[in-house]
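Participant: Following this message is one structure expressed as structure tokens.
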Amino acid sequence: MLVVRAINDKDLDALYGLASQVGTGMTTLKPDMKMLGDRLATACASFAETIPPEERDYMFVMEDTTSGRLAGVCAIKGAVGLTEPFYNYRIGTLVHSSRELNVFTRMETLYLSNDLTGSSELCSLFLHPDYRQGHNGKLLSKSRFLFIAQFPHLFTQKIIAEMRGYQAEDGTSPFYEGLGRHFFKMDFHHVDDLTALGKKSFIAELMPRQPLYIDYLPQEAQDVVGAVHNSTAPARRLLEQEGMHYEGYVDIFDAGPVLQARVSELRAIRDSELAQVGPDTDTAHACAPANAEPTLVSNTTLKDFRMVVTTASTNNGSIDLSAEDLRLLNCRAGDTVRTLPLNVKKNHA
């Protein structure tokens, strides 16, 4: 059985194992034991509410309870850019025209921007290849939205997600090779590592502040602006199903798209419901309505947040959960849980 739960201080070694599988391009999940240890400590303090909301970094792990193995990880940062700069390129448009020559041109440009400073951020989503099947990816990604729906006061009005940008088969970034290398004079992987370690001052020191014309870039770089890494495409689709969208911001190194949304417009805020766990009796189970559609169910506890996928359905504000579901959620009859259909209804597509 799989459960998504708040990370705890016993998960460091397994978290390092997951990070070692990620590869380049995900700066928030590097196989660096000190960095991961510091981040885990911040996550534990976040769930314990011992640090301010804007400094929090809520990390969740997917645990295979049969083996005790960690199958995946994901996270939500309370706010970005408040303690160190948060950079993106904003895609803009410049118009050049000449009445005399009857010429009118529109040129797309890249502006170095801090526009998304202060936003909450979905990040660090990674599912181990062994578990990329069934509902597992949806369970892991969408768990964060149910957490936000339960605790919306902990997050800012805007939420963002930086998608890993396109990389060639050899791991190089066409966008970085066409632009960034000219300014940073180092390999993409080295820049990626420096950013992961929080060493970002070089960005402001070395990147030009004036607009950059996209048409001036090599065609290979132009083609991947706003494109995602091949393994990231499913994650992008899941986020878009939940109400997030692309508004012309991209990562400054690999040009991966930044998705964003107002928290109030997320599907989980709109469609999730609270329900009371029904009595654990044979009669109650026998009378419970059958549900062919999978449903996300979470407890309502911040410090020990847990979520599963179940086929149980709600009826008149009550939900009949199996003994195994209750164990995984650390709940019992009479407790309140939050529910959300796993799949998006067609009229919300």
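Residues are named by chain letter and number: chains run A, B, ... in the order of the structure tokens, numbers start at 1 in each chain, and ligands are numbered from 1 in the order shown.
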Please identify every residue of segment 125-200 of chain A that has at least one atom no farther than 12 Å from an atom of segment 213-219 of chain A, counting only C-alpha atoms, and for each give the shortest atom pair and the distance in Å to one decimal, arranged by chain then increasing number, as JSON lines.

Facilitator:
{"residue": "A:Pro174", "atom": "CA", "partner": "A:Pro218", "partner_atom": "CA", "distance": 8.7}
{"residue": "A:Phe175", "atom": "CA", "partner": "A:Leu217", "partner_atom": "CA", "distance": 8.4}
{"residue": "A:Tyr176", "atom": "CA", "partner": "A:Leu217", "partner_atom": "CA", "distance": 10.4}
{"residue": "A:Glu177", "atom": "CA", "partner": "A:Pro218", "partner_atom": "CA", "distance": 9.1}
{"residue": "A:Gly178", "atom": "CA", "partner": "A:Pro218", "partner_atom": "CA", "distance": 5.9}
{"residue": "A:Leu179", "atom": "CA", "partner": "A:Leu217", "partner_atom": "CA", "distance": 6.9}
{"residue": "A:Gly180", "atom": "CA", "partner": "A:Leu217", "partner_atom": "CA", "distance": 10.7}
{"residue": "A:His182", "atom": "CA", "partner": "A:Leu217", "partner_atom": "CA", "distance": 11.2}

Participant: Could you give me, as a PyMOL selection string, the residues within 9 Å of segment 232-245 of chain A, counting only C-alpha atoms and dropping anything in the same chain fewer than 6 positions from it?

Facilitator: chain A and resi 125+137-138+141-142+145+159-161+163-166+258-262+265-268+343-344+348-349

Participant: Write the residues you've just listed into a file as a tab-separated table (two decimals), in the first residue's frame, and include C-alpha atoms for each of them.

Facilitator:
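Contents of out04.tsv, as written:
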chain	number	residue	atom	x	y	z
A	125	LEU	CA	8.30	16.29	-7.58
A	137	GLY	CA	1.99	9.83	-10.15
A	138	LYS	CA	-1.38	11.48	-9.65
A	141	SER	CA	1.46	15.29	-7.38
A	142	LYS	CA	-2.11	16.00	-6.30
A	145	PHE	CA	-3.26	20.46	-3.69
A	159	ILE	CA	1.25	29.56	-6.51
A	160	ILE	CA	3.86	28.64	-9.13
A	161	ALA	CA	5.70	25.57	-10.38
A	163	MET	CA	9.01	22.84	-14.89
A	164	ARG	CA	12.29	21.21	-15.84
A	165	GLY	CA	13.27	22.43	-19.31
A	166	TYR	CA	14.02	20.36	-22.38
A	258	VAL	CA	6.75	28.33	-15.10
A	259	LEU	CA	3.13	27.37	-14.43
A	260	GLN	CA	1.07	29.54	-12.11
A	261	ALA	CA	-2.40	29.98	-10.64
A	262	ARG	CA	-4.31	31.84	-8.00
A	265	GLU	CA	-8.91	29.01	-8.42
A	266	LEU	CA	-7.36	25.57	-7.84
A	267	ARG	CA	-9.62	22.56	-8.37
A	268	ALA	CA	-8.87	21.27	-4.88
A	343	ASN	CA	-9.62	12.54	-11.83
A	344	VAL	CA	-10.92	15.82	-13.18
A	348	HIS	CA	-13.89	21.12	-15.58
A	349	ALA	CA	-11.43	20.20	-18.32

Participant: Can you tell me which residues surround Lys10 of chain A at a distance of at most 12 Å, considering only C-alpha atoms, apart from same-chain residues fewer than 2 positions away, and format the answer as a ChimeraX atom specification?

Facilitator: /A:6-8,12-16,37,40-41,44,61,68,70

Participant: Taking only segment 35-111 of chain A into account, list the residues labelled strand (DSSP E) by DSSP (computed from the backbone), as a PyMOL selection string.

Facilitator: chain A and resi 57-64+69-77+88-98+103-111

Participant: Check the DSSP output for the backbone and give back, as a PyMOL selection string, the residues of segment 35-265 of chain A in alpha helix (DSSP H).

Facilitator: chain A and resi 35-47+136-150+174-175+181-184+188-196+201-206+219-222+233-241
